[in-house]
file coords_36.txt (compact mmCIF, C-alpha atoms)
# COMPACT_ATOMS: atom_id res chain seq x y z
CA MET I 295 -28.75 49.51 -32.16
CA SER I 296 -29.23 46.39 -34.24
CA THR I 297 -31.43 43.48 -33.26
CA VAL I 298 -29.79 40.05 -32.87
CA ASP I 299 -31.63 37.33 -34.72
CA ALA I 300 -32.56 34.28 -32.59
CA ALA I 301 -30.92 31.92 -35.08
CA ASP I 302 -27.69 33.92 -34.97
CA LEU I 303 -27.72 33.81 -31.15
CA GLU I 304 -28.19 30.06 -31.14
CA ALA I 305 -25.35 29.63 -33.60
CA ALA I 306 -23.10 31.83 -31.46
CA GLU I 307 -23.86 29.75 -28.35
CA ARG I 308 -22.96 26.57 -30.20
CA ALA I 309 -19.65 28.15 -31.21
CA ILE I 310 -18.62 28.71 -27.56
CA PRO I 311 -16.23 25.90 -26.50
CA GLN I 312 -18.04 23.54 -24.16
CA GLY I 313 -16.52 21.41 -21.41
CA PRO I 314 -15.87 17.71 -22.00
CA GLU I 315 -18.90 15.44 -21.95
CA PRO I 316 -19.28 13.42 -18.74
CA LEU I 317 -18.43 9.75 -18.84
CA HIS I 318 -21.12 7.19 -18.01
CA PHE I 319 -20.57 3.73 -16.52
CA ARG I 320 -22.85 1.22 -14.91
CA VAL I 321 -20.27 0.41 -12.20
CA VAL I 322 -17.36 2.56 -11.01
CA VAL I 323 -14.67 0.99 -8.83
CA ALA I 324 -12.81 3.65 -6.87
CA GLY I 325 -9.32 2.51 -5.90
CA GLY I 326 -6.50 0.63 -7.58
CA GLY I 327 -5.26 -1.49 -4.70
CA LEU I 328 -5.90 -5.17 -4.06
CA ALA I 329 -9.62 -4.69 -3.32
CA GLY I 330 -10.27 -2.48 -6.34
CA VAL I 331 -8.32 -4.61 -8.79
CA TYR I 332 -9.92 -7.86 -7.69
CA ALA I 333 -13.38 -6.29 -7.72
CA ALA I 334 -12.81 -5.18 -11.32
CA ARG I 335 -11.52 -8.63 -12.29
CA ALA I 336 -14.56 -10.30 -10.70
CA LEU I 337 -16.90 -8.02 -12.64
CA THR I 338 -15.04 -8.86 -15.85
CA ARG I 339 -15.57 -12.57 -15.25
CA LYS I 340 -19.24 -11.97 -14.46
CA LEU I 341 -20.05 -9.69 -17.42
CA GLY I 342 -17.49 -10.76 -20.00
CA LYS I 343 -14.69 -8.54 -21.34
CA GLU I 344 -16.63 -6.84 -24.10
CA ARG I 345 -19.51 -5.82 -21.86
CA ALA I 346 -17.34 -5.00 -18.83
CA ARG I 347 -15.14 -2.66 -20.85
CA LYS I 348 -18.20 -0.56 -21.70
CA GLU I 349 -19.96 -0.74 -18.33
CA VAL I 350 -17.20 -0.87 -15.71
CA ALA I 351 -14.51 1.71 -14.90
CA LEU I 352 -11.72 1.48 -12.35
CA ILE I 353 -10.38 4.82 -11.10
CA SER I 354 -7.00 5.05 -9.40
CA ASP I 355 -4.53 7.86 -8.74
CA ARG I 356 -1.74 5.49 -9.82
CA ASN I 357 -1.53 3.39 -12.95
CA ALA I 358 0.12 0.45 -11.17
CA MET I 359 -0.88 -1.76 -8.26
CA VAL I 360 1.62 -2.28 -5.45
CA PHE I 361 1.46 -5.60 -3.60
CA GLN I 362 1.94 -4.00 -0.19
CA PRO I 363 2.17 -7.19 1.95
CA MET I 364 5.61 -7.83 0.43
CA LEU I 365 7.04 -4.35 1.03
CA PRO I 366 9.04 -5.48 4.11
CA GLU I 367 10.92 -7.89 1.82
CA VAL I 368 12.00 -4.89 -0.27
CA CYS I 369 13.21 -3.22 2.91
CA GLY I 370 15.28 -6.32 3.73
CA SER I 371 16.73 -6.60 0.20
CA GLU I 372 15.06 -9.97 -0.39
CA LEU I 373 12.94 -8.63 -3.25
CA SER I 374 13.36 -5.98 -5.91
CA PRO I 375 10.69 -3.24 -6.03
CA ARG I 376 9.82 -4.25 -9.59
CA HIS I 377 8.51 -7.58 -8.31
CA LEU I 378 5.77 -5.78 -6.38
CA VAL I 379 4.50 -3.38 -9.05
CA THR I 380 2.13 -4.42 -11.85
CA PRO I 381 0.36 -2.08 -14.31
CA ILE I 382 -3.35 -1.94 -13.53
CA ARG I 383 -4.21 -1.98 -17.22
CA GLN I 384 -2.39 -5.28 -17.52
CA LEU I 385 -4.26 -6.76 -14.55
CA CYS I 386 -7.68 -5.38 -15.55
CA GLN I 387 -7.76 -5.64 -19.32
CA GLY I 388 -11.52 -6.17 -19.34
CA VAL I 389 -12.51 -2.79 -17.83
CA THR I 390 -11.89 0.87 -18.56
CA VAL I 391 -9.02 2.16 -16.39
CA LEU I 392 -8.89 5.87 -15.60
CA ARG I 393 -5.84 7.32 -13.88
CA ALA I 394 -7.15 10.27 -11.91
CA ARG I 395 -7.61 11.58 -8.40
CA ILE I 396 -11.18 11.71 -7.10
CA ALA I 397 -11.81 15.33 -6.14
CA GLY I 398 -15.47 14.93 -5.17
CA ILE I 399 -18.15 12.30 -4.64
CA HIS I 400 -21.74 13.42 -5.22
CA LEU I 401 -23.91 10.50 -4.16
CA PRO I 402 -27.37 12.06 -4.74
CA GLU I 403 -26.46 12.80 -8.36
CA ARG I 404 -24.46 9.55 -8.71
CA ARG I 405 -21.41 11.28 -10.12
CA LEU I 406 -17.73 11.79 -9.37
CA THR I 407 -15.50 14.75 -10.07
CA LEU I 408 -12.03 13.69 -11.20
CA ASN I 409 -8.81 15.66 -11.23
CA THR I 410 -7.13 14.20 -14.28
CA GLY I 411 -3.93 16.25 -14.37
CA ALA I 412 -2.44 19.65 -15.10
CA PHE I 413 -3.19 19.52 -18.82
CA THR I 414 -6.65 17.93 -18.89
CA GLY I 415 -8.31 19.54 -15.87
CA THR I 416 -11.40 17.88 -14.42
CA ARG I 417 -13.90 15.33 -15.73
CA GLU I 418 -17.29 14.20 -14.53
CA VAL I 419 -18.07 10.48 -14.27
CA HIS I 420 -21.65 9.30 -13.80
CA PHE I 421 -22.42 5.87 -12.37
CA GLU I 422 -25.26 3.59 -11.34
CA HIS I 423 -23.22 1.69 -8.74
CA LEU I 424 -20.09 2.79 -6.86
CA ALA I 425 -17.62 0.43 -5.17
CA LEU I 426 -15.41 2.31 -2.71
CA CYS I 427 -12.10 0.42 -2.50
CA VAL I 428 -9.80 3.30 -1.63
CA GLY I 429 -8.21 1.56 1.37
CA SER I 430 -6.91 3.47 4.38
CA VAL I 431 -4.18 5.88 5.41
CA VAL I 432 -1.92 5.88 8.46
CA ASP I 433 -2.99 8.35 11.15
CA LEU I 434 0.37 9.80 12.15
CA ARG I 435 -1.23 12.05 14.76
CA ARG I 436 -1.85 9.15 17.15
CA VAL I 437 1.85 8.83 18.06
CA PRO I 438 3.64 12.09 18.94
CA GLY I 439 6.72 12.64 16.81
CA MET I 440 5.83 10.02 14.22
CA ALA I 441 5.00 12.52 11.47
CA GLU I 442 8.37 14.23 11.93
CA HIS I 443 10.67 11.24 12.43
CA ALA I 444 9.07 7.94 11.36
CA TYR I 445 9.56 6.00 8.14
CA LEU I 446 6.35 4.72 6.57
CA ILE I 447 6.07 1.55 4.49
CA HIS I 448 3.33 2.29 2.01
CA THR I 449 5.17 2.32 -1.32
CA PRO I 450 8.30 0.68 -2.77
CA GLY I 451 10.00 4.06 -2.39
CA ASP I 452 9.21 4.01 1.34
CA ALA I 453 10.69 0.53 1.71
CA MET I 454 13.86 1.53 -0.14
CA ALA I 455 14.21 4.66 2.01
CA LEU I 456 13.97 2.53 5.16
CA ARG I 457 16.56 0.09 3.82
CA ALA I 458 18.89 2.99 3.04
CA ALA I 459 18.40 4.34 6.59
CA VAL I 460 19.37 0.99 8.13
CA ILE I 461 22.52 0.85 5.99
CA ASP I 462 23.37 4.46 6.90
CA ARG I 463 23.21 3.55 10.61
CA LEU I 464 25.61 0.66 10.02
CA GLU I 465 27.99 3.00 8.20
CA GLU I 466 27.91 5.46 11.10
CA ALA I 467 28.28 2.73 13.70
CA ALA I 468 31.43 1.50 11.95
CA LEU I 469 33.03 4.89 12.60
CA ALA I 470 31.67 5.51 16.08
CA GLN I 471 34.18 5.08 18.91
CA ASP I 472 31.76 5.06 21.82
CA ALA I 473 30.06 1.72 22.51
CA ALA I 474 26.90 3.42 23.78
CA ARG I 475 26.61 5.42 20.58
CA VAL I 476 26.98 2.23 18.52
CA ARG I 477 24.12 0.65 20.44
CA GLN I 478 22.03 3.77 19.92
CA LEU I 479 22.71 3.82 16.18
CA LEU I 480 21.83 0.15 15.83
CA THR I 481 18.58 0.27 17.83
CA PHE I 482 15.52 0.29 15.57
CA VAL I 483 11.92 0.76 16.74
CA VAL I 484 8.93 -0.50 14.76
CA VAL I 485 5.48 0.78 15.78
CA GLY I 486 2.61 -1.63 15.15
CA GLY I 487 2.42 -5.36 15.72
CA GLY I 488 0.25 -6.26 12.76
CA TYR I 489 1.36 -8.42 9.87
CA SER I 490 3.41 -5.66 8.24
CA GLY I 491 5.01 -4.59 11.52
CA VAL I 492 6.13 -8.12 12.45
CA GLU I 493 7.46 -8.70 8.93
CA THR I 494 9.34 -5.41 9.04
CA VAL I 495 10.96 -6.30 12.38
CA GLY I 496 12.24 -9.56 10.95
CA GLN I 497 13.52 -7.97 7.76
CA ILE I 498 15.36 -5.15 9.57
CA ALA I 499 16.95 -7.62 11.97
CA ASP I 500 18.05 -9.94 9.16
CA LEU I 501 19.42 -7.08 7.05
CA ALA I 502 21.39 -5.48 9.90
CA MET I 503 22.73 -8.72 11.37
CA ASP I 504 23.71 -10.19 8.01
CA ALA I 505 25.53 -6.99 7.06
CA ALA I 506 27.16 -6.37 10.45
CA PRO I 507 30.24 -8.61 9.82
CA LEU I 508 31.09 -6.43 6.80
CA TYR I 509 31.66 -3.41 9.05
CA PRO I 510 34.62 -3.05 11.39
CA HIS I 511 33.81 -2.61 15.07
CA VAL I 512 30.15 -3.63 14.53
CA ARG I 513 28.95 -6.80 16.26
CA ARG I 514 25.72 -8.63 15.64
CA GLU I 515 24.83 -8.40 19.32
CA ASP I 516 24.87 -4.60 18.98
CA VAL I 517 21.81 -4.78 16.72
CA ARG I 518 18.51 -4.38 18.58
CA VAL I 519 15.03 -4.20 17.02
CA VAL I 520 12.16 -3.14 19.30
CA LEU I 521 8.51 -3.75 18.43
CA VAL I 522 5.93 -1.47 20.07
CA HIS I 523 2.36 -2.76 19.98
CA SER I 524 -0.79 -1.53 21.74
CA ARG I 525 -2.67 -4.85 21.95
CA LYS I 526 -2.26 -8.09 23.86
CA HIS I 527 -1.50 -10.22 20.82
CA LEU I 528 0.64 -9.72 17.74
CA MET I 529 -0.84 -9.99 14.26
CA PRO I 530 -4.51 -9.72 15.27
CA GLU I 531 -5.46 -10.09 11.58
CA ILE I 532 -4.73 -13.83 11.72
CA ASN I 533 -5.66 -14.67 15.34

call {"tool": "encode", "arguments": {"input": "coords_36.txt", "output": "structure tokens"}}
result
Amino acid sequence: MSTVDAADLEAAERAIPQGPEPLHFRVVVAGGGLAGVYAARALTRKLGKERARKEVALISDRNAMVFQPMLPEVCGSELSPRHLVTPIRQLCQGVTVLRARIAGIHLPERRLTLNTGAFTGTREVHFEHLALCVGSVVDLRRVPGMAEHAYLIHTPGDAMALRAAVIDRLEEAALAQDAARVRQLLTFVVVGGGYSGVETVGQIADLAMDAAPLYPHVRREDVRVVLVHSRKHLMPEIN
């Protein structure tokens, strides 16, 4: 049996492919929505573009920001989806933008584990400061049946799917012979009386009523939009 020289062993270890080196940033902004984008832009103004690009990273699972407050207008055909979508790299030219999904947050070690995609695997990102701007998600479990039957309005695709559903109901109502079935087809329920819910009610009503005269046997008075809200006042965000 031959003896392995220490120098040869060290050289062999260096030859083994190593994982990618972790990235280091002074500030990491997690989230590419309104809060994350404007936080990154504020840091750019504070530090200057050259310094911010080296010290600040924005991490988002999408490479474009969606201006969600205007999604109801897409549902009502008043706006095109392209008017609501802006590339994050265009908005935040002064920072490093990483498109990835955060798989783990390790606060004691001040590092993140990122899932960067099927071909690049995972990367580690170390930080001194972390700004969590990941927003919120809709808890569909609070309303029975919502997960199975409701339309969400979170992306332009969601808004377009809702618009298509409204038009489909008009198409069916035009062929329905029973007046009760027409009323059923043209009754829409919106859950949530916040800003988005109230906007969505108005957009659905405008879309359906404006289109109704184009369909035989469909009257504007057959359209009914119901808003279900759990609080005493609508739009509590602005009260």

call {"tool": "residues_around", "arguments": {"input": "coords_36.txt", "residues": "Leu352 in chain I", "least_positions_apart": "6", "cutoff": "10 Å", "atoms": "all atoms listed in the file", "output": "ChimeraX atom specification"}}
result
/I:321-326,330-331,333-334,382-383,386,389-394,425,427

call {"tool": "atom_distance", "arguments": {"input": "coords_36.txt", "atom1": "CA of Ile447 in chain I", "atom2": "CA of Gly370 in chain I"}}
result
12.1 Å

call {"tool": "residues_around", "arguments": {"input": "coords_36.txt", "residues": "Gln471 in chain I", "least_positions_apart": "6", "cutoff": "12 Å", "atoms": "all atoms listed in the file", "output": "PyMOL selection string"}}
result
chain I and resi 477+479+510-512

call {"tool": "atom_distance", "arguments": {"input": "coords_36.txt", "atom1": "CA of Ala499 in chain I", "atom2": "CA of Arg436 in chain I"}}
result
25.7 Å

call {"tool": "residues_around", "arguments": {"input": "coords_36.txt", "residues": "Ala455 in chain I", "least_positions_apart": "3", "cutoff": "12 Å", "atoms": "all atoms listed in the file", "output": "ChimeraX atom specification"}}
result
/I:365-366,368-371,375,444-452,458-462

call {"tool": "atom_distance", "arguments": {"input": "coords_36.txt", "atom1": "CA of Arg320 in chain I", "atom2": "CA of Val350 in chain I"}}
result
6.1 Å

call {"tool": "closest_residue", "arguments": {"input": "coords_36.txt", "among": "I:Phe482, I:Tyr489, I:Tyr332, I:Tyr509", "to": "Gly388 in chain I", "atoms": "only C-alpha atoms"}}
result
I:Tyr332

call {"tool": "closest_residue", "arguments": {"input": "coords_36.txt", "among": "I:Gly491, I:Gly398, I:Gly342, I:Pro363", "to": "Thr416 in chain I", "atoms": "only C-alpha atoms"}}
result
I:Gly398

call {"tool": "residues_around", "arguments": {"input": "coords_36.txt", "residues": "Thr481 in chain I", "least_positions_apart": "4", "cutoff": "9 Å", "atoms": "all atoms listed in the file", "output": "ChimeraX atom specification"}}
result
/I:476-477,516-520

call {"tool": "closest_residue", "arguments": {"input": "coords_36.txt", "among": "I:Lys343, I:Arg513, I:Arg405, I:Arg356", "to": "Glu422 in chain I", "atoms": "only C-alpha atoms"}}
result
I:Arg405

call {"tool": "closest_residue", "arguments": {"input": "coords_36.txt", "among": "I:Pro314, I:Leu337, I:Gly487, I:Pro507", "to": "Ile532 in chain I", "atoms": "all atoms listed in the file"}}
result
I:Gly487

call {"tool": "closest_residue", "arguments": {"input": "coords_36.txt", "among": "I:Val419, I:Ala467, I:Val485, I:Leu528", "to": "Ala351 in chain I", "atoms": "all atoms listed in the file"}}
result
I:Val419

call {"tool": "residues_around", "arguments": {"input": "coords_36.txt", "residues": "Leu508 in chain I", "least_positions_apart": "5", "cutoff": "12 Å", "atoms": "all atoms listed in the file", "output": "list of chain:residue names"}}
result
I:Ile461, I:Leu464, I:Glu465, I:Ala467, I:Ala468, I:Leu501, I:Ala502, I:Met503, I:Arg513, I:Arg514

call {"tool": "decode", "arguments": {"input": "coords_36.txt", "residues": "range 348-405 of chain I", "atoms": "C-alpha atoms", "output": "PDB file, in the first residue's frame"}}
result
ATOM      1  CA  LYS I 348     -22.082  47.088  -4.834  1.00  0.00           C
ATOM      2  CA  GLU I 349     -23.749  47.195  -1.416  1.00  0.00           C
ATOM      3  CA  VAL I 350     -27.479  46.723  -2.056  1.00  0.00           C
ATOM      4  CA  ALA I 351     -29.308  43.751  -3.575  1.00  0.00           C
ATOM      5  CA  LEU I 352     -33.013  43.375  -4.294  1.00  0.00           C
ATOM      6  CA  ILE I 353     -34.290  39.786  -4.428  1.00  0.00           C
ATOM      7  CA  SER I 354     -37.595  38.953  -6.097  1.00  0.00           C
ATOM      8  CA  ASP I 355     -39.136  35.799  -7.521  1.00  0.00           C
ATOM      9  CA  ARG I 356     -40.278  37.865 -10.520  1.00  0.00           C
ATOM     10  CA  ASN I 357     -38.231  40.184 -12.681  1.00  0.00           C
ATOM     11  CA  ALA I 358     -41.055  42.704 -13.088  1.00  0.00           C
ATOM     12  CA  MET I 359     -43.119  44.759 -10.667  1.00  0.00           C
ATOM     13  CA  VAL I 360     -46.899  44.695 -11.000  1.00  0.00           C
ATOM     14  CA  PHE I 361     -48.778  47.825  -9.941  1.00  0.00           C
ATOM     15  CA  GLN I 362     -51.530  45.882  -8.199  1.00  0.00           C
ATOM     16  CA  PRO I 363     -53.847  48.809  -7.265  1.00  0.00           C
ATOM     17  CA  MET I 364     -54.754  49.116 -10.962  1.00  0.00           C
ATOM     18  CA  LEU I 365     -55.547  45.433 -11.558  1.00  0.00           C
ATOM     19  CA  PRO I 366     -59.339  46.013 -11.367  1.00  0.00           C
ATOM     20  CA  GLU I 367     -58.991  48.338 -14.369  1.00  0.00           C
ATOM     21  CA  VAL I 368     -57.505  45.421 -16.324  1.00  0.00           C
ATOM     22  CA  CYS I 369     -60.498  43.329 -15.294  1.00  0.00           C
ATOM     23  CA  GLY I 370     -62.828  46.042 -16.617  1.00  0.00           C
ATOM     24  CA  SER I 371     -60.913  46.442 -19.910  1.00  0.00           C
ATOM     25  CA  GLU I 372     -59.982  50.038 -19.113  1.00  0.00           C
ATOM     26  CA  LEU I 373     -56.258  49.258 -19.058  1.00  0.00           C
ATOM     27  CA  SER I 374     -53.991  46.820 -20.849  1.00  0.00           C
ATOM     28  CA  PRO I 375     -51.911  44.485 -18.642  1.00  0.00           C
ATOM     29  CA  ARG I 376     -48.718  45.919 -20.139  1.00  0.00           C
ATOM     30  CA  HIS I 377     -49.470  49.265 -18.504  1.00  0.00           C
ATOM     31  CA  LEU I 378     -49.125  47.673 -15.059  1.00  0.00           C
ATOM     32  CA  VAL I 379     -45.899  45.713 -15.522  1.00  0.00           C
ATOM     33  CA  THR I 380     -42.433  47.312 -15.358  1.00  0.00           C
ATOM     34  CA  PRO I 381     -39.083  45.451 -15.296  1.00  0.00           C
ATOM     35  CA  ILE I 382     -37.503  45.741 -11.862  1.00  0.00           C
ATOM     36  CA  ARG I 383     -34.066  46.223 -13.391  1.00  0.00           C
ATOM     37  CA  GLN I 384     -35.401  49.267 -15.199  1.00  0.00           C
ATOM     38  CA  LEU I 385     -36.887  50.709 -12.005  1.00  0.00           C
ATOM     39  CA  CYS I 386     -33.872  49.892  -9.797  1.00  0.00           C
ATOM     40  CA  GLN I 387     -30.866  50.494 -12.014  1.00  0.00           C
ATOM     41  CA  GLY I 388     -28.725  51.525  -9.046  1.00  0.00           C
ATOM     42  CA  VAL I 389     -28.833  48.187  -7.170  1.00  0.00           C
ATOM     43  CA  THR I 390     -28.067  44.549  -7.906  1.00  0.00           C
ATOM     44  CA  VAL I 391     -31.282  42.706  -8.832  1.00  0.00           C
ATOM     45  CA  LEU I 392     -31.423  38.953  -8.260  1.00  0.00           C
ATOM     46  CA  ARG I 393     -34.368  36.964  -9.588  1.00  0.00           C
ATOM     47  CA  ALA I 394     -34.715  34.049  -7.207  1.00  0.00           C
ATOM     48  CA  ARG I 395     -37.044  32.503  -4.657  1.00  0.00           C
ATOM     49  CA  ILE I 396     -35.961  32.734  -1.022  1.00  0.00           C
ATOM     50  CA  ALA I 397     -35.801  29.160   0.250  1.00  0.00           C
ATOM     51  CA  GLY I 398     -34.486  29.956   3.733  1.00  0.00           C
ATOM     52  CA  ILE I 399     -33.729  32.867   6.050  1.00  0.00           C
ATOM     53  CA  HIS I 400     -30.994  32.283   8.624  1.00  0.00           C
ATOM     54  CA  LEU I 401     -31.000  35.361  10.839  1.00  0.00           C
ATOM     55  CA  PRO I 402     -28.275  34.339  13.340  1.00  0.00           C
ATOM     56  CA  GLU I 403     -25.815  33.807  10.480  1.00  0.00           C
ATOM     57  CA  ARG I 404     -27.206  36.785   8.500  1.00  0.00           C
ATOM     58  CA  ARG I 405     -27.621  34.794   5.311  1.00  0.00           C
TER      59      ARG I 405
END
